[in-house]
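File shown: structure14.csv (CSV, C-alpha atoms).
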```
chain,number,residue,atom,x,y,z
A,1,MET,CA,4.0,-5.0,-5.0
A,2,THR,CA,2.9,-1.7,-3.5
A,3,LEU,CA,0.1,-0.1,-5.3
A,4,TYR,CA,-1.1,3.5,-5.3
A,5,ALA,CA,-4.2,5.3,-6.7
A,6,VAL,CA,-3.0,8.5,-8.3
A,7,THR,CA,-5.2,11.4,-9.4
A,8,ARG,CA,-4.0,13.9,-12.0
A,9,GLU,CA,-5.9,16.9,-13.3
A,10,ALA,CA,-5.6,19.6,-15.9
A,11,GLY,CA,-3.3,22.3,-14.6
A,12,PRO,CA,-2.8,26.0,-15.4
A,13,GLY,CA,-1.0,25.1,-18.6
A,14,TRP,CA,-4.1,23.2,-20.0
A,15,THR,CA,-5.4,24.8,-23.2
A,16,GLU,CA,-8.9,25.7,-22.4
A,17,GLY,CA,-11.7,24.6,-24.8
A,18,LYS,CA,-9.6,21.7,-26.1
A,19,GLY,CA,-9.8,18.1,-25.2
A,20,ALA,CA,-6.8,15.9,-24.3
A,21,PHE,CA,-6.1,14.8,-27.9
A,22,ASP,CA,-5.9,18.4,-29.1
A,23,GLN,CA,-3.5,19.6,-26.4
A,24,PRO,CA,0.1,20.5,-27.4
A,25,ALA,CA,2.6,17.7,-27.0
A,26,VAL,CA,0.0,15.0,-26.7
A,27,ASN,CA,2.2,12.4,-28.5
A,28,ASP,CA,5.1,13.2,-26.2
A,29,HIS,CA,2.9,12.7,-23.1
A,30,ALA,CA,1.5,9.5,-24.6
A,31,GLY,CA,4.9,8.1,-25.3
A,32,PHE,CA,6.1,9.0,-21.8
A,33,MET,CA,3.1,7.2,-20.2
A,34,ASN,CA,3.5,4.2,-22.5
A,35,THR,CA,7.1,3.9,-21.4
A,36,LEU,CA,6.0,3.9,-17.7
A,37,ALA,CA,3.5,1.2,-18.5
A,38,VAL,CA,6.1,-1.0,-20.3
A,39,GLU,CA,8.4,-0.6,-17.3
A,40,GLY,CA,5.6,-1.8,-15.0
A,41,PHE,CA,5.4,1.4,-13.1
A,42,VAL,CA,2.0,2.4,-14.3
A,43,LEU,CA,-0.4,-0.6,-14.4
A,44,PHE,CA,-3.6,1.2,-15.5
A,45,ALA,CA,-4.4,4.8,-16.4
A,46,GLY,CA,-7.2,6.7,-18.1
A,47,PRO,CA,-9.5,9.7,-17.9
A,48,LEU,CA,-12.4,9.8,-15.5
A,49,ALA,CA,-16.1,10.4,-16.7
A,50,GLY,CA,-15.3,11.4,-20.2
A,51,SER,CA,-13.1,14.3,-19.0
A,52,GLU,CA,-10.7,13.8,-22.0
A,53,ARG,CA,-13.1,16.1,-23.9
A,54,ASP,CA,-12.5,19.1,-21.7
A,55,ARG,CA,-10.4,19.7,-18.5
A,56,ILE,CA,-9.1,16.2,-18.0
A,57,ARG,CA,-9.1,14.2,-14.7
A,58,VAL,CA,-7.1,11.0,-14.7
A,59,LEU,CA,-6.9,8.0,-12.4
A,60,LEU,CA,-3.8,5.8,-12.6
A,61,ILE,CA,-2.7,2.8,-10.6
A,62,ALA,CA,1.1,2.8,-10.0
A,63,ASP,CA,3.3,0.1,-8.6
A,64,ALA,CA,6.0,2.0,-6.7
A,65,PRO,CA,8.1,1.9,-3.5
A,66,SER,CA,6.8,5.2,-2.2
A,67,GLU,CA,4.7,8.3,-2.9
A,68,ALA,CA,7.9,10.3,-3.4
A,69,GLU,CA,9.0,7.9,-6.2
A,70,ILE,CA,5.6,8.6,-7.9
A,71,TYR,CA,6.1,12.3,-7.7
A,72,ARG,CA,9.7,12.0,-9.0
A,73,ARG,CA,8.8,9.8,-12.0
A,74,LEU,CA,5.7,11.8,-13.0
A,75,ALA,CA,7.7,15.0,-12.8
A,76,ASP,CA,9.4,14.0,-16.1
A,77,ASP,CA,6.1,13.9,-17.9
A,78,PRO,CA,6.2,16.6,-20.6
A,79,TRP,CA,2.6,17.6,-19.6
A,80,GLU,CA,3.6,17.9,-16.0
A,81,ARG,CA,6.7,20.0,-16.9
A,82,ALA,CA,4.4,22.3,-19.0
A,83,GLN,CA,1.9,22.4,-16.1
A,84,ARG,CA,-0.7,20.9,-18.5
A,85,LEU,CA,-1.3,18.2,-15.9
A,86,ALA,CA,-0.8,18.3,-12.1
A,87,THR,CA,-0.6,15.3,-9.8
A,88,THR,CA,-3.3,16.2,-7.2
A,89,ASN,CA,-3.6,13.1,-5.0
A,90,ILE,CA,-1.7,9.9,-4.2
A,91,GLU,CA,-3.1,7.2,-1.9
A,92,PRO,CA,-1.9,3.7,-1.1
A,93,TRP,CA,-4.3,1.2,-2.6
A,94,THR,CA,-5.1,-2.3,-1.4
A,95,LEU,CA,-6.2,-4.5,-4.3
A,96,LEU,CA,-8.6,-7.2,-3.0
A,97,VAL,CA,-10.9,-8.3,-5.9
A,98,GLY,CA,-9.0,-9.4,-9.0
A,99,ALA,CA,-5.6,-9.5,-7.4
A,100,GLU,CA,-4.9,-12.9,-8.8
A,101,ARG,CA,-5.2,-11.6,-12.4
A,102,LEU,CA,-2.5,-9.0,-11.7
A,103,VAL,CA,-0.2,-11.5,-10.0
A,104,ASN,CA,-0.7,-13.9,-13.0
A,105,HIS,CA,0.0,-11.0,-15.4
A,106,SER,CA,3.2,-10.1,-13.5
A,107,ARG,CA,4.4,-13.7,-13.7
A,108,ALA,CA,3.8,-13.9,-17.4
A,109,GLU,CA,5.5,-10.5,-18.0
A,110,SER,CA,8.5,-11.6,-15.9
A,111,ALA,CA,8.8,-14.8,-17.9
A,112,ARG,CA,8.8,-12.9,-21.2
A,113,THR,CA,11.5,-10.4,-20.0
A,114,THR,CA,13.8,-12.8,-18.1
A,115,PRO,CA,16.6,-13.8,-20.4
A,116,ALA,CA,17.1,-17.5,-21.0
A,117,PRO,CA,20.1,-19.0,-19.3
A,118,VAL,CA,23.2,-19.2,-21.4
A,119,GLN,CA,24.3,-22.8,-22.1
```
Step by step, read the file and then write its structure as structure tokens.
Amino acid sequence: MTLYAVTREAGPGWTEGKGAFDQPAVNDHAGFMNTLAVEGFVLFAGPLAGSERDRIRVLLIADAPSEAEIYRRLADDPWERAQRLATTNIEPWTLLVGAERLVNHSRAESARTTPAPVQ
């Protein structure tokens, strides 16, 4: 598991004076992000310091093989394509405290998605 802390911010396509939930294509963006979460690519994500009410700033934790893969995957976000969001920073992240919870969660998820052997 290789983790990255990713920062995304409102880009030039952000509709000024509106919060995140009033932006165009909010449901398309939410669906996209939920799909990345279901796939295990995005582990955690959310706005920083109440920024969802204005020009949003978001922190997400991604499990990816490389920074390039993060840029590639996030480029398909409808908000990124519309320049509503921009990925501004990606840094490798070492999880120290609470790592066992994430490992246990990954094992449980794997057990749920692994097909049973055919008999």
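In this comparison, which uses all atoms listed in the file, the residue of A:Gly98, A:Gly19, A:Pro92, A:Pro24 approaching Arg57 in chain A most closely is A:Gly19.
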Using all atoms listed in the file, which of the listed residues (A:Val26, A:Ala10, A:Leu3, A:Leu59) sits closest to Pro78 in chain A?
->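 Closest candidate: A:Val26.
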Which distance in Å separates CA of Gly31 in chain A and CA of Glu91 in chain A, to one decimal?
-> 24.7 Å
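Proximity to Phe41 in chain A was assessed for A:Ile90, A:Ala25, A:Leu60, A:Ala99 counting only C-alpha atoms; the smallest distance is recorded for A:Leu60.
Proximity of A:Arg81, A:Val38, A:Gly50, A:Trp93 to Ser66 in chain A, computed with all atoms listed in the file, is greatest for A:Trp93.
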One decimal place gives the CA of Tyr71 in chain A-CA of Val97 in chain A separation as 26.8 Å
Kindly indicate which residue among A:Leu102, A:Val58, A:Ala30, A:Leu95 lies nearest to Leu43 in chain A, using all atoms listed in the file for the distances.
-> A:Leu102
From the list A:Pro65, A:Gly46, A:Gly11, A:Gly40, the nearest residue to Ala86 in chain A using only C-alpha atoms is A:Gly11
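Put simply, CA of Phe32 in chain A is 19.6 Å away from CA of Leu48 in chain A.
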Any idea what's packed within 12 Å of Phe21 in chain A, counting all atoms listed in the file, ignoring anything in its chain fewer than 2 positions away? Could you give it as JSON, numbers by chain?
-> {"A": [14, 15, 17, 18, 19, 23, 24, 25, 26, 27, 28, 29, 30, 47, 51, 52, 53, 54, 55, 56]}
Within 12 Å of file point (2.4, -0.9, -13.3), counting only C-alpha atoms, expressed as a VMD selection string = chain A and resid 1 to 6 33 to 45 60 to 65 70 102 to 103 105 to 106 109
